[in-house]
Amino acid sequence: MTDKELDQIIESLLFASSEPLSQTLLNKVFDSPTPSLKESIERLNEFYSSHERPYKIKAIAGGFQLVTNSEFDTWISRLLGKSNKLILSAAALDTLAIIAYKQPIGKYDVEAIRGVDSSGVVKTLLSRNLIMIKGRGEGPGRPLLYSTTKLFLEKFGINRLTDMPKLKEVEELIESDPTLGEQIAVFDNDNQNNSSSEEE
């Protein structure tokens with residue numbers, strides 16, 4: 001089988017797959033020898049770029065997905081309306097950000113950072129499959145610990161947690177424009193935990 005034939009097959013799988021296509025999934029489709037997904041993606045993206053296609057293949061949630069280029073967002077949003085958007089309240093975004101940067105973390109620790117009860121927000125994030133129960137903590141009552149899911153990575157277009165902006169970068173952005181808000185201050189007390197949580 002030629003590279004061109006392999007690329008056409010992989011491109012069709014990218015169109016058909018409802019989740020990011022990984023090498024593991026590809027291995028289930030092909031008999032041995034299995035083609036290299038990464039090499040095929042590089043060839044396809046080079047082809048899309050040279051032919052000025054309005055889409056590319058992006059690494060998301062440990063796999064690859066076809067995504068449209070950002071300059072076409074306006075037109076796509078007109079077609080889809082709000083049906084393809086993830087809409088979260090400010091409280092849900094606050095909570096999700098805390099969990100993403102501090103995971104695994106318990107609800108009481110989230111509430112200590114936010115300063116308000118977060119039970120309802122945590123339930124919402126669980127129901128939307130953006131967070132999951134990771135295990136139990138060692139503290140009194142062995143509280144449930146939460147972490148983000150693969151769907152979180154997909155919805156936010158992130159390949160892995162280490163791709164998220166570093167808190168120092170966010171702090172510098174807010175320092176350059178104080179009107180952006182002061183919510184980043186809740187993270188200042190525990191920067192040592194950030195590096196370990198980002199590596200998971």
# chains A, B, ... in the order shown; residues from 1 in each chain; ligands from 1

$ closest_atom_pairs --of "stretch 57-128 of chain A" --to "stretch 143-154 of chain A" --cutoff "10 Å" --atoms "only C-alpha atoms" --output "CSV"
residue,atom,partner,partner_atom,distance
A:Ala59,CA,A:Glu154,CA,9.6
A:Ile60,CA,A:Glu154,CA,5.9
A:Ala61,CA,A:Leu153,CA,5.2
A:Gly62,CA,A:Lys150,CA,8.4
A:Gly63,CA,A:Glu154,CA,9.6
A:Gln65,CA,A:Glu154,CA,9.3
A:Leu96,CA,A:Thr148,CA,8.0
A:Ala97,CA,A:Thr148,CA,9.6
A:Ile98,CA,A:Ser147,CA,9.8
A:Ile99,CA,A:Ser147,CA,6.1
A:Ala100,CA,A:Thr148,CA,6.0
A:Tyr101,CA,A:Ser147,CA,9.2
A:Lys102,CA,A:Ser147,CA,8.4
A:Gln103,CA,A:Ser147,CA,5.0
A:Pro104,CA,A:Ser147,CA,5.0
A:Ile105,CA,A:Leu145,CA,4.9
A:Gly106,CA,A:Leu145,CA,4.4
A:Lys107,CA,A:Leu145,CA,7.2
A:Tyr108,CA,A:Pro143,CA,8.2
A:Asp109,CA,A:Leu145,CA,9.6
A:Val110,CA,A:Tyr146,CA,9.9
A:Val122,CA,A:Tyr146,CA,9.0
A:Leu125,CA,A:Thr148,CA,9.3
A:Leu126,CA,A:Tyr146,CA,9.2
A:Arg128,CA,A:Leu151,CA,8.9

$ write_last_selection --atoms "C-alpha atoms" --output "compact mmCIF listing (two decimals), in the first residue's frame"
# COMPACT_ATOMS: atom_id res chain seq x y z
CA ALA A 59 -3.31 17.03 18.33
CA ILE A 60 -6.16 16.90 20.86
CA ALA A 61 -6.66 14.74 23.97
CA GLY A 62 -3.89 12.31 23.08
CA GLY A 63 -5.07 11.80 19.50
CA GLN A 65 -8.81 15.57 14.97
CA LEU A 96 -13.14 23.86 36.37
CA ALA A 97 -10.02 26.04 36.24
CA ILE A 98 -9.21 25.24 39.88
CA ILE A 99 -9.65 21.50 39.30
CA ALA A 100 -7.61 21.61 36.08
CA TYR A 101 -4.64 23.29 37.75
CA LYS A 102 -4.82 21.61 41.17
CA GLN A 103 -5.96 18.09 40.30
CA PRO A 104 -6.56 15.80 41.95
CA ILE A 105 -8.42 18.04 44.39
CA GLY A 106 -11.33 17.63 46.80
CA LYS A 107 -14.51 19.70 46.85
CA TYR A 108 -13.65 21.29 50.19
CA ASP A 109 -10.33 22.50 48.83
CA VAL A 110 -12.13 23.95 45.80
CA VAL A 122 -19.23 20.10 40.83
CA LEU A 125 -19.26 19.45 35.74
CA LEU A 126 -19.60 15.74 36.56
CA ARG A 128 -21.20 17.10 31.59

$ select_by_dssp --residues "stretch 60-142 of chain A" --states "strand (DSSP E)" --output "list in words"
Ile60, Gly63, Phe64, Gln65, Leu66, Val67, Thr68, Ile105, Gly106, Ile131, Met132, Ile133, Lys134, Gly135 and Arg136 of chain A

$ closest_residue --among "A:Phe64, A:Leu79, A:Leu130, A:Ser49" --to "A:Leu13" --atoms "only C-alpha atoms"
A:Phe64

$ closest_residue --among "A:Arg160, A:Ile10, A:Asp3, A:Ser119" --to "A:Gln23" --atoms "only C-alpha atoms"
A:Ile10

$ residues_around --residues "A:Glu42" --least-positions-apart "2" --cutoff "12 Å" --atoms "only C-alpha atoms" --output "MDAnalysis selection string"
chainID A and resid 3 7 10:11 36:40 44:49 56:59 64

$ write_last_selection --atoms "N, CA and C atoms" --output "PDB file, in the first residue's frame"
ATOM      1  N   ASP A   3       1.947   5.377   0.355  1.00  0.00           N
ATOM      2  CA  ASP A   3       1.686   6.418   1.365  1.00  0.00           C
ATOM      3  C   ASP A   3       0.398   7.167   1.043  1.00  0.00           C
ATOM      4  N   ASP A   7      -2.694   7.530   3.517  1.00  0.00           N
ATOM      5  CA  ASP A   7      -3.156   8.854   3.939  1.00  0.00           C
ATOM      6  C   ASP A   7      -4.642   9.030   3.654  1.00  0.00           C
ATOM      7  N   ILE A  10      -6.512   7.082   6.345  1.00  0.00           N
ATOM      8  CA  ILE A  10      -6.450   7.776   7.635  1.00  0.00           C
ATOM      9  C   ILE A  10      -7.288   9.047   7.615  1.00  0.00           C
ATOM     10  N   GLU A  11      -7.284   9.745   6.495  1.00  0.00           N
ATOM     11  CA  GLU A  11      -8.119  10.946   6.372  1.00  0.00           C
ATOM     12  C   GLU A  11      -9.595  10.585   6.499  1.00  0.00           C
ATOM     13  N   SER A  36       2.300   4.479  10.559  1.00  0.00           N
ATOM     14  CA  SER A  36       2.536   5.497  11.582  1.00  0.00           C
ATOM     15  C   SER A  36       1.526   6.632  11.411  1.00  0.00           C
ATOM     16  N   LEU A  37       0.688   6.820  12.403  1.00  0.00           N
ATOM     17  CA  LEU A  37      -0.313   7.880  12.348  1.00  0.00           C
ATOM     18  C   LEU A  37       0.358   9.246  12.280  1.00  0.00           C
ATOM     19  N   LYS A  38       1.396   9.430  13.073  1.00  0.00           N
ATOM     20  CA  LYS A  38       2.071  10.726  13.130  1.00  0.00           C
ATOM     21  C   LYS A  38       2.650  11.113  11.765  1.00  0.00           C
ATOM     22  N   GLU A  39       3.272  10.154  11.082  1.00  0.00           N
ATOM     23  CA  GLU A  39       3.865  10.442   9.771  1.00  0.00           C
ATOM     24  C   GLU A  39       2.785  10.797   8.756  1.00  0.00           C
ATOM     25  N   SER A  40       1.661  10.081   8.811  1.00  0.00           N
ATOM     26  CA  SER A  40       0.564  10.362   7.892  1.00  0.00           C
ATOM     27  C   SER A  40      -0.034  11.740   8.164  1.00  0.00           C
ATOM     28  N   LEU A  44      -0.429  14.829   5.559  1.00  0.00           N
ATOM     29  CA  LEU A  44      -1.739  15.416   5.286  1.00  0.00           C
ATOM     30  C   LEU A  44      -1.747  16.915   5.590  1.00  0.00           C
ATOM     31  N   ASN A  45      -1.180  17.299   6.723  1.00  0.00           N
ATOM     32  CA  ASN A  45      -1.151  18.723   7.077  1.00  0.00           C
ATOM     33  C   ASN A  45      -0.318  19.531   6.081  1.00  0.00           C
ATOM     34  N   GLU A  46       0.755  18.928   5.601  1.00  0.00           N
ATOM     35  CA  GLU A  46       1.578  19.603   4.585  1.00  0.00           C
ATOM     36  C   GLU A  46       0.773  19.792   3.301  1.00  0.00           C
ATOM     37  N   PHE A  47      -0.006  18.773   2.950  1.00  0.00           N
ATOM     38  CA  PHE A  47      -0.862  18.850   1.766  1.00  0.00           C
ATOM     39  C   PHE A  47      -1.930  19.933   1.943  1.00  0.00           C
ATOM     40  N   TYR A  48      -2.589  19.944   3.121  1.00  0.00           N
ATOM     41  CA  TYR A  48      -3.633  20.950   3.378  1.00  0.00           C
ATOM     42  C   TYR A  48      -3.057  22.361   3.292  1.00  0.00           C
ATOM     43  N   SER A  49      -1.883  22.546   3.862  1.00  0.00           N
ATOM     44  CA  SER A  49      -1.263  23.866   3.875  1.00  0.00           C
ATOM     45  C   SER A  49      -0.877  24.319   2.467  1.00  0.00           C
ATOM     46  N   LYS A  56      -7.183  21.707   9.191  1.00  0.00           N
ATOM     47  CA  LYS A  56      -5.903  21.048   9.480  1.00  0.00           C
ATOM     48  C   LYS A  56      -6.171  19.948  10.490  1.00  0.00           C
ATOM     49  N   ILE A  57      -5.162  19.155  10.762  1.00  0.00           N
ATOM     50  CA  ILE A  57      -5.278  18.103  11.769  1.00  0.00           C
ATOM     51  C   ILE A  57      -4.503  18.571  12.993  1.00  0.00           C
ATOM     52  N   LYS A  58      -5.166  18.530  14.131  1.00  0.00           N
ATOM     53  CA  LYS A  58      -4.577  19.049  15.367  1.00  0.00           C
ATOM     54  C   LYS A  58      -4.516  17.955  16.424  1.00  0.00           C
ATOM     55  N   ALA A  59      -3.444  17.971  17.213  1.00  0.00           N
ATOM     56  CA  ALA A  59      -3.312  17.026  18.328  1.00  0.00           C
ATOM     57  C   ALA A  59      -4.231  17.463  19.457  1.00  0.00           C
ATOM     58  N   PHE A  64      -5.690  12.758  17.368  1.00  0.00           N
ATOM     59  CA  PHE A  64      -5.719  13.793  16.331  1.00  0.00           C
ATOM     60  C   PHE A  64      -7.136  13.979  15.813  1.00  0.00           C
TER      61      PHE A  64
END

$ atom_distance --atom1 "atom CA of A:Glu171" --atom2 "atom CA of A:Asp117"
25.3 Å

$ residues_around --residues "A:Phe72" --least-positions-apart "4" --cutoff "10 Å" --atoms "only C-alpha atoms" --output "VMD selection string"
chain A and resid 54 to 55 68 76 to 77

$ write_last_selection --atoms "N, CA and C atoms" --output "PDB file, in the first residue's frame"
ATOM      1  N   PRO A  54      -9.131  24.886   4.220  1.00  0.00           N
ATOM      2  CA  PRO A  54      -9.618  25.634   5.389  1.00  0.00           C
ATOM      3  C   PRO A  54      -9.599  24.823   6.685  1.00  0.00           C
ATOM      4  N   TYR A  55      -8.877  23.732   6.695  1.00  0.00           N
ATOM      5  CA  TYR A  55      -8.817  22.882   7.886  1.00  0.00           C
ATOM      6  C   TYR A  55      -7.417  22.290   8.020  1.00  0.00           C
ATOM      7  N   THR A  68     -11.269  23.079  11.774  1.00  0.00           N
ATOM      8  CA  THR A  68     -11.251  24.179  10.814  1.00  0.00           C
ATOM      9  C   THR A  68     -10.307  25.272  11.314  1.00  0.00           C
ATOM     10  N   ILE A  76     -18.763  29.381  10.569  1.00  0.00           N
ATOM     11  CA  ILE A  76     -19.217  28.111  11.144  1.00  0.00           C
ATOM     12  C   ILE A  76     -20.200  28.358  12.283  1.00  0.00           C
ATOM     13  N   SER A  77     -19.924  29.391  13.089  1.00  0.00           N
ATOM     14  CA  SER A  77     -20.842  29.691  14.188  1.00  0.00           C
ATOM     15  C   SER A  77     -22.196  30.155  13.666  1.00  0.00           C
TER      16      SER A  77
END

$ residues_around --residues "A:Ile9" --least-positions-apart "3" --cutoff "12 Å" --atoms "only C-alpha atoms" --output "NGL selection string"
:A and (1-6 or 12-16 or 26 or 29-30 or 35 or 37 or 40-41 or 44)

$ select_by_dssp --residues "stretch 1-192 of chain A" --states "helix (DSSP H, G or I)" --output "ChimeraX atom specification"
/A:3-16,23-29,37-50,70-80,90-102,107-114,119-127,150-155,161-163,167-176,178-180,183-192
